[in-house]
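> Contents of query12.cif (mmCIF, C-alpha atoms) are below:
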data_model
loop_
_atom_site.label_atom_id
_atom_site.label_comp_id
_atom_site.auth_asym_id
_atom_site.auth_seq_id
_atom_site.Cartn_x
_atom_site.Cartn_y
_atom_site.Cartn_z
CA MET A 19 133.30 92.79 13.56
CA ALA A 20 136.66 91.34 14.57
CA SER A 21 137.00 89.29 17.71
CA PRO A 22 140.05 87.81 19.40
CA THR A 23 140.55 84.08 19.17
CA ASP A 24 142.34 81.95 21.75
CA GLY A 25 145.60 83.00 20.10
CA ASN A 26 144.71 86.70 20.58
CA VAL A 27 144.60 87.24 16.82
CA ALA A 28 141.57 89.19 15.68
CA VAL A 29 139.49 87.42 13.03
CA GLU A 30 136.56 88.75 11.06
CA LEU A 31 133.09 87.57 11.94
CA ASN A 32 131.80 85.13 9.35
CA PRO A 33 129.10 87.05 7.40
CA VAL A 34 126.56 84.27 8.07
CA LEU A 35 126.67 85.20 11.79
CA LYS A 36 125.96 88.94 11.41
CA PRO A 37 122.30 88.53 12.49
CA LEU A 38 123.56 87.00 15.78
CA SER A 39 126.43 89.45 16.42
CA TRP A 40 124.43 91.07 19.26
CA LEU A 41 125.17 87.95 21.36
CA LEU A 42 128.96 88.17 21.11
CA GLY A 43 130.95 88.97 24.22
CA THR A 44 130.74 88.17 27.91
CA TRP A 45 127.53 88.72 29.84
CA GLU A 46 127.07 88.57 33.62
CA SER A 47 123.85 88.56 35.59
CA ASP A 48 123.33 91.93 37.23
CA GLU A 49 120.90 90.47 39.78
CA PRO A 50 120.34 86.85 40.76
CA GLY A 51 118.06 84.92 38.45
CA GLU A 52 115.08 82.92 39.64
CA GLY A 53 114.86 79.16 39.30
CA THR A 54 111.57 77.35 39.91
CA PHE A 55 109.98 74.03 39.03
CA PRO A 56 107.09 72.14 40.63
CA THR A 57 109.36 69.38 41.99
CA ILE A 58 112.17 71.52 43.48
CA LYS A 59 112.59 74.29 46.02
CA PRO A 60 112.87 77.73 44.32
CA PHE A 61 116.43 79.02 44.11
CA ARG A 62 118.41 82.08 43.09
CA TYR A 63 121.50 81.96 40.91
CA THR A 64 124.03 84.13 39.11
CA GLU A 65 125.42 83.30 35.70
CA LYS A 66 128.18 84.25 33.31
CA LEU A 67 127.75 83.69 29.56
CA HIS A 68 130.48 83.91 26.96
CA PHE A 69 129.80 83.96 23.20
CA SER A 70 132.78 83.99 20.82
CA HIS A 71 133.84 83.04 17.30
CA VAL A 72 136.99 82.05 15.43
CA GLY A 73 135.91 83.14 11.95
CA GLN A 74 133.92 79.98 11.20
CA PRO A 75 130.15 80.16 10.57
CA VAL A 76 129.51 79.15 14.19
CA ILE A 77 129.37 80.87 17.59
CA ASN A 78 131.02 79.08 20.52
CA PHE A 79 129.45 79.51 23.95
CA THR A 80 129.74 78.66 27.64
CA PHE A 81 127.13 79.23 30.34
CA ASN A 82 128.33 78.98 33.98
CA ALA A 83 125.79 79.27 36.81
CA PHE A 84 126.53 79.76 40.53
CA HIS A 85 124.44 79.65 43.69
CA ALA A 86 123.52 83.28 44.47
CA GLU A 87 124.42 83.16 48.16
CA SER A 88 127.32 80.67 48.39
CA ASN A 89 128.77 81.24 44.89
CA LYS A 90 129.03 77.44 44.63
CA PRO A 91 129.26 76.27 41.00
CA LEU A 92 125.95 74.90 39.74
CA HIS A 93 124.93 74.23 36.16
CA ARG A 94 127.31 74.35 33.17
CA GLU A 95 126.53 74.32 29.46
CA CYS A 96 128.80 74.65 26.46
CA GLY A 97 128.28 74.32 22.76
CA PHE A 98 127.79 75.95 19.42
CA ILE A 99 125.25 78.14 17.65
CA ARG A 100 124.65 77.85 13.93
CA ILE A 101 122.36 79.77 11.60
CA GLN A 102 121.09 78.35 8.33
CA PRO A 103 122.51 80.73 5.69
CA GLY A 104 119.94 82.99 4.11
CA THR A 105 117.27 82.19 6.73
CA ASN A 106 116.35 83.07 10.30
CA LYS A 107 116.62 79.40 11.39
CA VAL A 108 119.04 78.95 14.30
CA ALA A 109 120.34 75.84 16.10
CA PHE A 110 122.04 75.45 19.47
CA ILE A 111 124.12 72.29 20.04
CA ILE A 112 124.55 71.95 23.81
CA ALA A 113 126.36 69.67 26.26
CA GLN A 114 125.38 70.04 29.92
CA ASN A 115 127.34 68.95 33.00
CA SER A 116 124.26 66.96 34.12
CA GLY A 117 124.92 64.48 31.31
CA LEU A 118 122.30 65.89 28.94
CA VAL A 119 123.14 66.66 25.31
CA GLU A 120 120.61 68.53 23.21
CA VAL A 121 119.87 70.18 19.91
CA GLU A 122 117.54 73.17 20.09
CA GLU A 123 116.21 74.84 16.95
CA GLY A 124 114.16 77.93 16.43
CA GLU A 125 113.87 81.31 14.81
CA LEU A 126 115.65 84.61 15.10
CA THR A 127 113.46 87.70 14.81
CA GLY A 128 115.57 90.84 15.19
CA ASN A 129 117.23 90.51 18.61
CA HIS A 130 114.80 87.81 19.80
CA LEU A 131 115.71 84.13 19.60
CA LYS A 132 113.12 81.45 20.42
CA LEU A 133 114.23 77.80 20.51
CA GLN A 134 112.73 74.37 21.26
CA SER A 135 114.57 71.10 21.81
CA GLN A 136 114.60 68.86 18.73
CA SER A 137 116.59 65.98 20.19
CA LEU A 138 117.86 65.02 23.62
CA GLY A 139 120.44 62.44 24.62
CA ARG A 140 121.63 61.58 28.11
CA ILE A 141 124.12 59.44 29.93
CA SER A 142 122.76 56.05 31.00
CA PHE A 143 122.88 56.97 34.70
CA ALA A 144 121.27 60.42 34.43
CA LYS A 145 119.22 61.55 37.41
CA GLU A 146 115.48 60.97 37.16
CA PRO A 147 112.99 62.32 36.33
CA HIS A 148 114.49 62.78 32.88
CA VAL A 149 114.20 66.03 30.96
CA GLN A 150 111.96 65.46 27.93
CA GLN A 151 111.75 68.96 26.42
CA ILE A 152 113.45 72.35 26.72
CA GLY A 153 112.38 75.76 25.44
CA ARG A 154 114.63 78.80 25.50
CA VAL A 155 114.14 82.48 24.72
CA LEU A 156 117.10 84.86 24.50
CA GLN A 157 116.48 88.50 23.71
CA LEU A 158 118.40 91.73 23.72
CA ARG A 159 116.16 94.24 25.43
CA PRO A 160 115.94 97.93 24.42
CA ASP A 161 117.88 98.82 27.61
CA GLY A 162 120.86 96.77 26.34
CA LYS A 163 120.38 93.89 28.77
CA LEU A 164 120.23 90.28 27.64
CA GLU A 165 117.29 88.29 29.01
CA GLN A 166 116.98 84.51 29.09
CA THR A 167 113.97 82.37 29.97
CA VAL A 168 114.23 78.57 29.99
CA SER A 169 111.26 76.21 30.20
CA MET A 170 111.51 72.48 30.84
CA ALA A 171 109.35 69.35 30.79
CA THR A 172 110.28 66.11 32.56
CA ASP A 173 108.87 62.59 32.70
CA ASN A 174 106.25 63.76 35.21
CA GLN A 175 105.86 67.53 34.60
CA PRO A 176 104.58 69.44 31.54
CA LEU A 177 106.55 72.26 29.93
CA THR A 178 106.91 74.89 32.67
CA GLN A 179 109.10 77.96 33.10
CA HIS A 180 112.23 76.89 34.98
CA LEU A 181 114.70 79.80 34.79
CA HIS A 182 114.60 83.56 34.25
CA ILE A 183 117.58 85.91 34.38
CA THR A 184 118.97 89.12 32.88
CA TYR A 185 122.57 89.98 32.08
CA THR A 186 124.72 93.03 31.43
CA ARG A 187 127.54 92.87 28.88
CA SER A 188 130.86 92.94 30.72
CA SER A 189 133.15 92.73 27.66
#
Would you mind writing the file's structure down as structure tokens?

Amino acid sequence: MASPTDGNVAVELNPVLKPLSWLLGTWESDEPGEGTFPTIKPFRYTEKLHFSHVGQPVINFTFNAFHAESNKPLHRECGFIRIQPGTNKVAFIIAQNSGLVEVEEGELTGNHLKLQSQSLGRISFAKEPHVQQIGRVLQLRPDGKLEQTVSMATDNQPLTQHLHITYTRSS
């Protein structure tokens, strides 16, 4: 599968990434997602995801979330996805605009990816309570929609579902 790079030159997908090719492209939420956590007021958000490659054995990604009613920019994440060759072991390397940097690892089963944080780093002046653990599930549903569920634990809350949203591929 060829994909354009920033220079608009199509490059072949690195064979290592074929099991993750279903992620490639741009995805936009078709309905607002739901955000909840015991210490915050529930909220609704929209999100645009972009997964791309430049021929290396890595997928580049950006996640951009917006407030559902005001369209105000909210959360941002960017990073890389790697798969251990010859296995179903996948890693996300993520930098967040909140000052959190994380490595999530997990397993790919068909079009279902389940990840757990392995290491977290944060800026020295990060807002408290601090995130201590993140779990993420991304799956391509039979109807062609991408679904994401994110769980989170903080200093004072156990691992709890935080976000749930579905997306439609826009390109």
> Which is closer to Gly53 (chain A) than all the others in A:Arg140, A:His85, A:Lys145, A:His182, using only C-alpha atoms?
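Smallest separation from Gly53 (chain A) among the options: A:His182.
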> Between CA of Ala109 (chain A) and CA of Glu65 (chain A), what distance in Å does the model show, to one decimal?
21.6 Å
> Would you write out, as a PyMOL selection string, every residue that the PyMOL selection byres ((chain A and resi 50) around 9) captures in this file?
chain A and resi 47-49+51-52+62-65+85-86+183-184
> Could you save the residues just selected, with C-alpha atoms, as an mmCIF file, in the frame of the given file?

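Contents of out28.cif, as written:
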data_model
loop_
_atom_site.group_PDB
_atom_site.id
_atom_site.type_symbol
_atom_site.label_atom_id
_atom_site.label_comp_id
_atom_site.auth_asym_id
_atom_site.auth_seq_id
_atom_site.Cartn_x
_atom_site.Cartn_y
_atom_site.Cartn_z
ATOM 1 C CA SER A 47 123.850 88.560 35.590
ATOM 2 C CA ASP A 48 123.330 91.930 37.230
ATOM 3 C CA GLU A 49 120.900 90.470 39.780
ATOM 4 C CA GLY A 51 118.060 84.920 38.450
ATOM 5 C CA GLU A 52 115.080 82.920 39.640
ATOM 6 C CA ARG A 62 118.410 82.080 43.090
ATOM 7 C CA TYR A 63 121.500 81.960 40.910
ATOM 8 C CA THR A 64 124.030 84.130 39.110
ATOM 9 C CA GLU A 65 125.420 83.300 35.700
ATOM 10 C CA HIS A 85 124.440 79.650 43.690
ATOM 11 C CA ALA A 86 123.520 83.280 44.470
ATOM 12 C CA ILE A 183 117.580 85.910 34.380
ATOM 13 C CA THR A 184 118.970 89.120 32.880
#
> Excluding Gln179 (chain A) and its own-chain neighbours fewer than 3 positions away, which residues fall within 7 Å of it when counting all atoms listed in the file? Please give them as JSON, numbers by chain.
{"A": [168, 169, 170]}
> With a distance cut-off of 8 Å and all atoms listed in the file, select the neighbouring residues of Leu164 (chain A), excluding the residue or stretch itself and same-chain residues fewer than 6 positions from it, and output the selection as a VMD selection string.
chain A and resid 45 156 to 158 184 to 187
> Here is a test: counting only C-alpha atoms, which residue of A:Ser70, A:Pro56, A:Ala83, A:Val29 is nearest to Leu177 (chain A)?
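Using only C-alpha atoms, the shortest distance to Leu177 (chain A) belongs to A:Pro56.
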> Could you pull the residues within 9 Å of Leu138 (chain A), counting all atoms listed in the file, minus those fewer than 5 positions along the same chain, as an NGL selection string?
:A and (118-122 or 149-151)
> Quick one: of A:Lys163, A:Lys132, A:His180, A:Lys66, who's nearest to Cys96 (chain A), counting only C-alpha atoms?
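Among the listed residues, A:Lys66 lies closest to Cys96 (chain A).
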> Closest to Ser137 (chain A) among A:Gly162, A:Ile111, A:Leu181, A:Phe98, using only C-alpha atoms?
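Going through A:Gly162, A:Ile111, A:Leu181, A:Phe98 one by one, the smallest distance to Ser137 (chain A) is for A:Ile111.
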> Expand the PyMOL selection byres ((chain A and resi 129) around 12) into the individual residues it matches in the shown file, reporting them as a VMD selection string.
chain A and resid 36 to 41 106 125 to 128 130 to 132 155 to 160 162 to 165
> So that I can see what lies close to Thr80 (chain A), please list as JSON, numbers by chain the residues with an atom at most 12 Å from it, counting all atoms listed in the file and leaving out residues fewer than 6 positions away in the same chain.
{"A": [42, 43, 44, 45, 46, 65, 66, 67, 68, 69, 70, 71, 93, 94, 95, 96, 97, 98, 99, 110, 111, 112, 113, 114, 115]}
> Can you write region 72-88 of chain A from the block above with all heavy atoms, as a short mmCIF file (atom, residue, chain, number, x, y, z; two decimals), in the first residue's frame?

data_model
loop_
_atom_site.label_atom_id
_atom_site.label_comp_id
_atom_site.auth_asym_id
_atom_site.auth_seq_id
_atom_site.Cartn_x
_atom_site.Cartn_y
_atom_site.Cartn_z
N VAL A 72 6.16 6.89 6.22
CA VAL A 72 7.10 7.40 5.22
C VAL A 72 8.00 6.28 4.71
O VAL A 72 9.10 6.52 4.25
CB VAL A 72 7.94 8.59 5.75
CG1 VAL A 72 7.05 9.79 6.02
CG2 VAL A 72 8.72 8.19 7.00
N GLY A 73 7.52 5.02 4.83
CA GLY A 73 8.27 3.88 4.35
C GLY A 73 9.12 3.21 5.42
O GLY A 73 9.63 2.12 5.20
N GLN A 74 9.28 3.86 6.56
CA GLN A 74 10.01 3.27 7.68
C GLN A 74 9.12 2.26 8.39
O GLN A 74 7.90 2.27 8.20
CB GLN A 74 10.44 4.36 8.67
CG GLN A 74 11.38 5.39 8.08
CD GLN A 74 11.65 6.52 9.07
OE1 GLN A 74 10.78 6.94 9.82
NE2 GLN A 74 12.88 7.01 9.04
N PRO A 75 9.67 1.44 9.27
CA PRO A 75 8.84 0.46 10.00
C PRO A 75 8.14 1.10 11.20
O PRO A 75 8.15 0.58 12.31
CB PRO A 75 9.85 -0.61 10.42
CG PRO A 75 11.13 0.14 10.57
CD PRO A 75 11.09 1.22 9.52
N VAL A 76 7.51 2.25 10.97
CA VAL A 76 6.85 2.99 12.03
C VAL A 76 5.68 3.78 11.44
O VAL A 76 5.75 4.25 10.30
CB VAL A 76 7.85 3.94 12.75
CG1 VAL A 76 8.39 5.00 11.83
CG2 VAL A 76 7.26 4.56 13.99
N ILE A 77 4.59 3.87 12.20
CA ILE A 77 3.45 4.70 11.82
C ILE A 77 3.53 5.98 12.63
O ILE A 77 3.78 5.95 13.84
CB ILE A 77 2.12 3.97 12.07
CG1 ILE A 77 1.96 2.81 11.09
CG2 ILE A 77 0.93 4.93 11.96
CD1 ILE A 77 0.73 1.95 11.32
N ASN A 78 3.35 7.12 11.97
CA ASN A 78 3.31 8.42 12.64
C ASN A 78 1.85 8.74 12.90
O ASN A 78 0.99 8.42 12.08
CB ASN A 78 3.89 9.51 11.72
CG ASN A 78 5.23 9.11 11.15
OD1 ASN A 78 6.15 8.78 11.86
ND2 ASN A 78 5.32 9.10 9.82
N PHE A 79 1.55 9.40 14.04
CA PHE A 79 0.15 9.74 14.28
C PHE A 79 0.00 11.06 15.01
O PHE A 79 0.90 11.52 15.71
CB PHE A 79 -0.59 8.63 15.05
CG PHE A 79 -0.21 8.49 16.49
CD1 PHE A 79 -0.81 9.27 17.47
CD2 PHE A 79 0.74 7.57 16.88
CE1 PHE A 79 -0.45 9.14 18.80
CE2 PHE A 79 1.10 7.42 18.20
CZ PHE A 79 0.49 8.21 19.17
N THR A 80 -1.19 11.67 14.81
CA THR A 80 -1.62 12.83 15.59
C THR A 80 -3.08 12.61 15.96
O THR A 80 -3.86 12.09 15.16
CB THR A 80 -1.49 14.16 14.79
OG1 THR A 80 -2.26 14.05 13.60
CG2 THR A 80 -0.05 14.47 14.46
N PHE A 81 -3.42 12.97 17.18
CA PHE A 81 -4.79 12.95 17.68
C PHE A 81 -5.10 14.38 18.12
O PHE A 81 -4.38 14.93 18.94
CB PHE A 81 -4.95 12.04 18.90
CG PHE A 81 -4.73 10.56 18.67
CD1 PHE A 81 -4.84 9.69 19.74
CD2 PHE A 81 -4.42 10.04 17.44
CE1 PHE A 81 -4.66 8.32 19.57
CE2 PHE A 81 -4.24 8.67 17.25
CZ PHE A 81 -4.35 7.81 18.33
N ASN A 82 -6.17 14.98 17.60
CA ASN A 82 -6.56 16.35 17.94
C ASN A 82 -8.02 16.36 18.37
O ASN A 82 -8.90 16.08 17.58
CB ASN A 82 -6.37 17.28 16.74
CG ASN A 82 -4.91 17.37 16.35
OD1 ASN A 82 -4.07 17.78 17.14
ND2 ASN A 82 -4.59 16.97 15.14
N ALA A 83 -8.25 16.70 19.64
CA ALA A 83 -9.61 16.70 20.21
C ALA A 83 -10.11 18.14 20.36
O ALA A 83 -9.33 19.05 20.66
CB ALA A 83 -9.63 15.99 21.56
N PHE A 84 -11.44 18.30 20.21
CA PHE A 84 -12.09 19.61 20.30
C PHE A 84 -13.34 19.50 21.15
O PHE A 84 -14.02 18.47 21.15
CB PHE A 84 -12.49 20.10 18.90
CG PHE A 84 -11.33 20.19 17.95
CD1 PHE A 84 -10.93 19.09 17.19
CD2 PHE A 84 -10.62 21.37 17.83
CE1 PHE A 84 -9.86 19.16 16.33
CE2 PHE A 84 -9.52 21.45 16.97
CZ PHE A 84 -9.15 20.34 16.22
N HIS A 85 -13.68 20.57 21.83
CA HIS A 85 -14.92 20.62 22.61
C HIS A 85 -16.09 20.49 21.63
O HIS A 85 -16.13 21.18 20.60
CB HIS A 85 -15.00 21.93 23.39
CG HIS A 85 -16.12 21.99 24.34
ND1 HIS A 85 -17.39 22.35 23.96
CD2 HIS A 85 -16.17 21.71 25.66
CE1 HIS A 85 -18.18 22.31 25.02
NE2 HIS A 85 -17.46 21.92 26.07
N ALA A 86 -17.04 19.61 21.92
CA ALA A 86 -18.12 19.31 20.97
C ALA A 86 -19.00 20.51 20.65
O ALA A 86 -19.46 20.66 19.52
CB ALA A 86 -18.99 18.17 21.51
N GLU A 87 -19.24 21.38 21.62
CA GLU A 87 -20.13 22.52 21.37
C GLU A 87 -19.38 23.75 20.86
O GLU A 87 -19.81 24.39 19.91
CB GLU A 87 -20.92 22.89 22.65
CG GLU A 87 -22.07 21.93 22.94
CD GLU A 87 -21.63 20.57 23.50
OE1 GLU A 87 -20.67 20.54 24.30
OE2 GLU A 87 -22.22 19.55 23.12
N SER A 88 -18.26 24.10 21.47
CA SER A 88 -17.55 25.34 21.11
C SER A 88 -16.48 25.14 20.05
O SER A 88 -15.98 26.11 19.49
CB SER A 88 -16.89 25.93 22.35
OG SER A 88 -15.81 25.10 22.78
#
